[in-house]
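Visitor: I'm passing along start-v2.csv; it holds CSV, C-alpha atoms.
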chain,number,residue,atom,x,y,z
R,1359,ALA,CA,24.0,-11.5,-4.3
R,1360,ALA,CA,24.1,-10.2,-0.8
R,1361,GLY,CA,20.5,-8.9,-1.2
R,1362,LEU,CA,19.4,-12.5,-1.8
R,1363,ALA,CA,20.3,-13.7,1.7
R,1364,GLY,CA,17.3,-15.1,3.4
R,1365,LEU,CA,15.3,-15.5,0.1
R,1366,PRO,CA,14.4,-19.0,-1.3
R,1367,ASP,CA,16.4,-20.5,-4.1
R,1368,VAL,CA,14.1,-20.7,-7.1
R,1369,ARG,CA,16.4,-22.8,-9.4
R,1370,GLY,CA,14.3,-25.7,-10.8
R,1371,ARG,CA,11.2,-24.6,-8.9
R,1372,ALA,CA,7.7,-23.5,-10.1
R,1373,VAL,CA,7.1,-19.9,-9.3
R,1374,VAL,CA,3.9,-17.8,-9.4
R,1375,GLU,CA,3.9,-14.0,-9.0
R,1376,LEU,CA,0.6,-12.7,-7.6
R,1377,GLY,CA,-0.4,-9.2,-8.6
R,1378,ALA,CA,2.6,-9.0,-10.9
R,1379,GLY,CA,2.0,-5.7,-12.6
R,1380,PRO,CA,5.0,-5.4,-14.9
R,1381,GLY,CA,6.4,-8.7,-13.5
R,1382,LEU,CA,9.9,-7.8,-12.4
R,1383,PRO,CA,10.2,-10.2,-9.5
R,1384,GLY,CA,8.9,-13.1,-11.6
R,1385,LEU,CA,11.2,-12.2,-14.5
R,1386,VAL,CA,14.1,-12.2,-12.1
R,1387,CYS,CA,13.1,-15.7,-11.0
R,1388,GLY,CA,13.0,-16.8,-14.7
R,1389,ARG,CA,16.6,-15.5,-15.1
R,1390,LEU,CA,17.7,-17.2,-11.9
R,1391,GLY,CA,16.7,-20.6,-13.2
R,1392,ALA,CA,13.1,-21.2,-12.1
R,1393,SER,CA,11.6,-24.2,-14.0
R,1394,GLU,CA,8.5,-22.2,-14.8
R,1395,VAL,CA,7.1,-18.8,-13.9
R,1396,ALA,CA,3.5,-17.7,-14.1
R,1397,LEU,CA,3.1,-13.9,-13.9
R,1398,THR,CA,-0.5,-13.2,-12.8
R,1399,ASP,CA,-2.6,-10.1,-12.5
R,1400,ARG,CA,-5.8,-8.5,-13.8
R,1401,ALA,CA,-6.7,-9.2,-17.4
R,1402,GLU,CA,-5.8,-5.7,-18.6
R,1403,LEU,CA,-2.2,-6.2,-17.4
R,1404,VAL,CA,-1.6,-9.5,-19.3
R,1405,PRO,CA,-0.3,-7.7,-22.5
R,1406,LEU,CA,2.2,-5.7,-20.4
R,1407,MET,CA,3.5,-8.8,-18.7
R,1408,ALA,CA,3.7,-10.7,-22.0
R,1409,ARG,CA,5.6,-7.9,-23.6
R,1410,ASN,CA,8.1,-7.8,-20.7
R,1411,VAL,CA,8.5,-11.6,-20.9
R,1412,ALA,CA,9.3,-11.3,-24.7
R,1413,LEU,CA,11.6,-8.3,-24.1
R,1414,ASN,CA,13.6,-10.4,-21.7
R,1415,GLY,CA,13.7,-13.5,-23.9
R,1416,LEU,CA,12.0,-15.6,-21.3
R,1417,GLU,CA,9.1,-17.1,-23.3
R,1418,ALA,CA,10.4,-20.7,-22.7
R,1419,THR,CA,10.1,-20.2,-18.9
R,1420,CYS,CA,7.6,-17.4,-18.2
R,1421,ARG,CA,4.0,-17.0,-19.1
R,1422,SER,CA,1.4,-14.2,-18.4
R,1423,GLU,CA,-2.1,-14.9,-17.3
R,1424,ALA,CA,-5.1,-13.3,-15.7
R,1425,LEU,CA,-5.9,-14.4,-12.2
R,1426,ASP,CA,-8.9,-13.1,-10.3
R,1427,TRP,CA,-8.1,-13.6,-6.6
R,1428,ASP,CA,-11.8,-14.4,-6.0
R,1429,GLN,CA,-11.5,-17.3,-8.4
R,1430,ALA,CA,-8.0,-18.5,-7.5
R,1431,SER,CA,-9.2,-21.8,-6.0
R,1432,GLU,CA,-10.7,-22.7,-9.4
R,1433,SER,CA,-7.5,-21.8,-11.4
R,1434,PRO,CA,-5.1,-24.4,-12.9
R,1435,LEU,CA,-2.5,-22.9,-10.5
R,1436,ALA,CA,-4.4,-23.9,-7.4
R,1437,ALA,CA,-2.6,-26.4,-5.1
R,1438,ALA,CA,-5.4,-28.9,-5.2
R,1439,ARG,CA,-5.5,-28.9,-8.9
R,1440,ARG,CA,-1.8,-29.3,-9.2
R,1441,SER,CA,-1.9,-32.4,-7.0
R,1442,GLU,CA,-4.9,-33.8,-8.8
R,1443,ALA,CA,-2.9,-33.4,-12.1
R,1444,GLY,CA,0.1,-35.1,-10.6
R,1445,LEU,CA,2.1,-31.9,-10.6
R,1446,PRO,CA,4.4,-31.0,-7.7
R,1447,PRO,CA,3.2,-28.3,-5.4
R,1448,LEU,CA,4.1,-24.7,-6.3
R,1449,GLY,CA,7.6,-24.0,-5.1
R,1450,VAL,CA,7.5,-20.2,-4.6
R,1451,LEU,CA,4.7,-17.7,-4.5
R,1452,LEU,CA,5.7,-14.1,-4.9
R,1453,ALA,CA,3.5,-11.3,-3.6
R,1454,ALA,CA,5.1,-7.9,-3.9
R,1455,ASP,CA,3.2,-4.8,-2.8
R,1456,VAL,CA,-0.2,-6.6,-2.7
R,1457,VAL,CA,-1.3,-5.5,0.9
R,1458,TYR,CA,-2.3,-1.9,0.3
R,1459,PHE,CA,-5.6,-1.6,2.1
R,1460,GLU,CA,-7.3,-3.4,4.9
R,1461,GLU,CA,-9.8,-6.3,4.5
R,1462,GLN,CA,-8.4,-8.0,1.4
R,1463,ASP,CA,-10.1,-11.3,1.9
R,1464,PRO,CA,-9.7,-12.2,-1.8
R,1465,LEU,CA,-5.9,-11.9,-1.3
R,1466,VAL,CA,-6.0,-14.3,1.6
R,1467,ASP,CA,-8.2,-16.7,-0.4
R,1468,ALA,CA,-5.7,-16.6,-3.3
R,1469,LEU,CA,-2.8,-17.3,-0.9
R,1470,LEU,CA,-4.6,-20.3,0.6
R,1471,ALA,CA,-5.6,-21.6,-2.8
R,1472,LEU,CA,-2.2,-21.5,-4.4
R,1473,MET,CA,0.0,-22.5,-1.5
R,1474,ALA,CA,0.6,-26.1,-0.4
R,1475,PRO,CA,0.9,-26.1,3.4
R,1476,ARG,CA,4.5,-26.5,4.6
R,1477,GLU,CA,5.7,-26.8,1.0
R,1478,THR,CA,5.2,-23.6,-0.9
R,1479,THR,CA,7.4,-20.7,0.2
R,1480,LEU,CA,5.7,-17.3,0.2
R,1481,VAL,CA,7.8,-14.2,-0.4
R,1482,LEU,CA,5.6,-11.2,0.5
R,1483,ALA,CA,7.1,-7.7,0.2
R,1484,TYR,CA,5.2,-5.1,2.2
R,1485,ARG,CA,5.5,-1.4,2.5
R,1486,GLU,CA,3.2,0.2,5.1
R,1487,ARG,CA,0.7,2.8,3.8
R,1488,THR,CA,-1.7,3.0,6.7
R,1489,GLY,CA,-2.1,1.6,10.1
R,1490,ALA,CA,-5.1,-0.4,8.9
R,1491,ASP,CA,-3.2,-2.3,6.2
R,1492,ARG,CA,-0.5,-3.0,8.9
R,1493,SER,CA,-3.1,-4.4,11.2
R,1494,TYR,CA,-4.6,-6.5,8.4
R,1495,LEU,CA,-1.1,-8.0,7.6
R,1496,GLU,CA,-0.4,-8.7,11.3
R,1497,GLN,CA,-3.8,-10.0,12.3
R,1498,THR,CA,-5.0,-11.8,9.2
R,1499,ILE,CA,-2.1,-12.9,7.0
R,1500,LEU,CA,1.0,-13.5,9.2
R,1501,PRO,CA,-0.8,-15.7,11.8
R,1502,LYS,CA,-1.3,-18.2,8.9
R,1503,LEU,CA,2.5,-18.5,8.3
R,1504,ASP,CA,5.6,-19.8,9.9
R,1505,TYR,CA,7.8,-16.9,8.7
R,1506,SER,CA,10.9,-14.8,9.0
R,1507,ARG,CA,11.1,-11.1,8.3
R,1508,LEU,CA,13.8,-9.3,6.3
R,1509,ASP,CA,14.1,-5.5,6.4
R,1510,PHE,CA,15.4,-3.4,3.5
R,1511,GLY,CA,15.6,0.3,3.1
R,1512,SER,CA,17.5,3.5,2.9
R,1513,PRO,CA,16.7,7.1,4.0
R,1514,ASP,CA,16.1,8.2,0.4
R,1515,ARG,CA,14.0,5.2,-0.7
R,1516,GLY,CA,12.1,4.3,2.4
R,1517,HIS,CA,11.6,0.9,4.1
R,1518,CYS,CA,10.4,-2.5,2.8
R,1519,GLU,CA,9.7,-5.6,4.8
R,1520,ILE,CA,9.9,-9.0,3.2
R,1521,TYR,CA,8.2,-11.9,4.9
R,1522,VAL,CA,9.4,-15.4,3.8
R,1523,GLY,CA,7.3,-18.3,5.1
R,1524,ARG,CA,5.1,-21.3,4.7
R,1525,LEU,CA,1.5,-22.0,5.6
R,1526,VAL,CA,1.2,-23.7,9.0
R,1527,ARG,CA,-2.2,-25.3,8.5
Using structure tokens, write down the structure that the file contains.

Guide:
Amino acid sequence: AAGLAGLPDVRGRAVVELGAGPGLPGLVCGRLGASEVALTDRAELVPLMARNVALNGLEATCRSEALDWDQASESPLAAARRSEAGLPPLGVLLAADVVYFEEQDPLVDALLALMAPRETTLVLAYRERTGADRSYLEQTILPKLDYSRLDFGSPDRGHCEIYVGRLVR
């Protein structure tokens, strides 16, 4: 539980994992009591995510779906669509290991489409690969957020930064 200090409580909240891959962070949120979890990634990864949901017995809470970041504003998950449908804003948006090269405008577009300003909490896990991706994070993504930074790491496993924040616009 000590590792959870500084991270948002997901109990009873709607969660989306962006670029989920196998979906581990989203599945953990399902186990921790999120009201609903959408694991999203490219279409070819949906079967893997669905299999992991089933293996963990989380079908009642978690679902797997394709999400093209370029089309995120048109998705049912988008903040505007949620409010038009009378649904509460997304509670938590997970984005683990999604900043891996510079100039990822579709990622920024997806963040802006899915997050309700000052309401949705973003949990963005970042591991530096190049100076260019670091610059992109610091110059393009972080200025849009009111955030805190958590640092995790060990000599044998490396370093990971976790940014927890909300849109300021």

Visitor: Check the smallest atom-to-atom distance from each of R:Val1395, R:Leu1469, R:Val1457, R:Ile1520 to Arg1492 of chain R using only C-alpha atoms, then report the winner.

Guide: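 Using only C-alpha atoms, the shortest distance to Arg1492 of chain R belongs to R:Val1457.
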
Visitor: Quick one: everything within 12 Å of Ala1418 of chain R, counting all atoms listed in the file, minus sequence neighbours fewer than 5 positions away in the same chain. Send it as a VMD selection string.

Guide: chain R and resid 1385 1388 to 1389 1391 to 1396 1411 to 1412

Visitor: List every protein, DNA or RNA residue that has an atom no more than 9 Å from (4.5, -5.3, -0.9) in the file's coordinate frame, counting only C-alpha atoms, and report them as an mmCIF file with C-alpha atoms, in the coordinates of the input.

Guide:
data_model
loop_
_atom_site.group_PDB
_atom_site.id
_atom_site.type_symbol
_atom_site.label_atom_id
_atom_site.label_comp_id
_atom_site.auth_asym_id
_atom_site.auth_seq_id
_atom_site.Cartn_x
_atom_site.Cartn_y
_atom_site.Cartn_z
ATOM 1 C CA ALA R 1453 3.500 -11.300 -3.600
ATOM 2 C CA ALA R 1454 5.100 -7.900 -3.900
ATOM 3 C CA ASP R 1455 3.200 -4.800 -2.800
ATOM 4 C CA VAL R 1456 -0.200 -6.600 -2.700
ATOM 5 C CA VAL R 1457 -1.300 -5.500 0.900
ATOM 6 C CA TYR R 1458 -2.300 -1.900 0.300
ATOM 7 C CA LEU R 1482 5.600 -11.200 0.500
ATOM 8 C CA ALA R 1483 7.100 -7.700 0.200
ATOM 9 C CA TYR R 1484 5.200 -5.100 2.200
ATOM 10 C CA ARG R 1485 5.500 -1.400 2.500
ATOM 11 C CA GLU R 1486 3.200 0.200 5.100
ATOM 12 C CA CYS R 1518 10.400 -2.500 2.800
ATOM 13 C CA GLU R 1519 9.700 -5.600 4.800
ATOM 14 C CA ILE R 1520 9.900 -9.000 3.200
#

Visitor: Please determine, counting all atoms listed in the file, which residue among R:Arg1487, R:Leu1452, R:Pro1501, R:Val1404 has the shortest atom-to-atom distance to Gly1516 of chain R.

Guide: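 For Gly1516 of chain R, the nearest of the given residues is R:Arg1487.
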
Visitor: Of the residues R:Leu1406, R:Ala1378, R:Val1481, R:Val1466, which is the one nearest to Gly1449 of chain R, using all atoms listed in the file?

Guide: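 Between R:Leu1406, R:Ala1378, R:Val1481, R:Val1466, the residue approaching Gly1449 of chain R most closely is R:Val1481.
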
Visitor: Between R:Leu1465, R:Leu1480, R:Ala1443, R:Ala1438, which one has atoms that come closest to Tyr1494 of chain R, using only C-alpha atoms?

Guide: R:Leu1465

Visitor: Which residue, R:Pro1434, R:Thr1419, R:Phe1510, R:Leu1500, has the smallest gap to Arg1369 of chain R when you use only C-alpha atoms?

Guide: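 Result for the nearest residue to Arg1369 of chain R: R:Thr1419.
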
Visitor: Measuring between all atoms listed in the file, which one of R:Leu1495, R:Leu1445, R:Pro1380, R:Cys1387 shows the shortest distance to Leu1413 of chain R?

Guide: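 The answer is R:Pro1380, which sits nearest to Leu1413 of chain R.
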
Visitor: Skip Ala1468 of chain R itself and residues of its chain fewer than 5 positions away, then list as JSON, numbers by chain all residues within 12 Å of it, counting all atoms listed in the file.

Guide: {"R": [1374, 1375, 1376, 1377, 1398, 1399, 1425, 1426, 1427, 1428, 1429, 1430, 1431, 1432, 1433, 1435, 1436, 1437, 1451, 1452, 1453, 1456, 1462, 1463, 1473, 1474, 1480, 1499]}

Visitor: What does the structure give for the distance between atom CA of Pro1447 of chain R and atom CA of Leu1525 of chain R, in Å to one decimal?

Guide: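 Between these atoms lies a distance of 12.8 Å.
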
Visitor: Between atom CA of Ala1372 of chain R and atom CA of Ser1441 of chain R, what is the spacing in Å?

Guide: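 We find that atom CA of Ser1441 of chain R and atom CA of Ala1372 of chain R lie 13.5 Å from each other.
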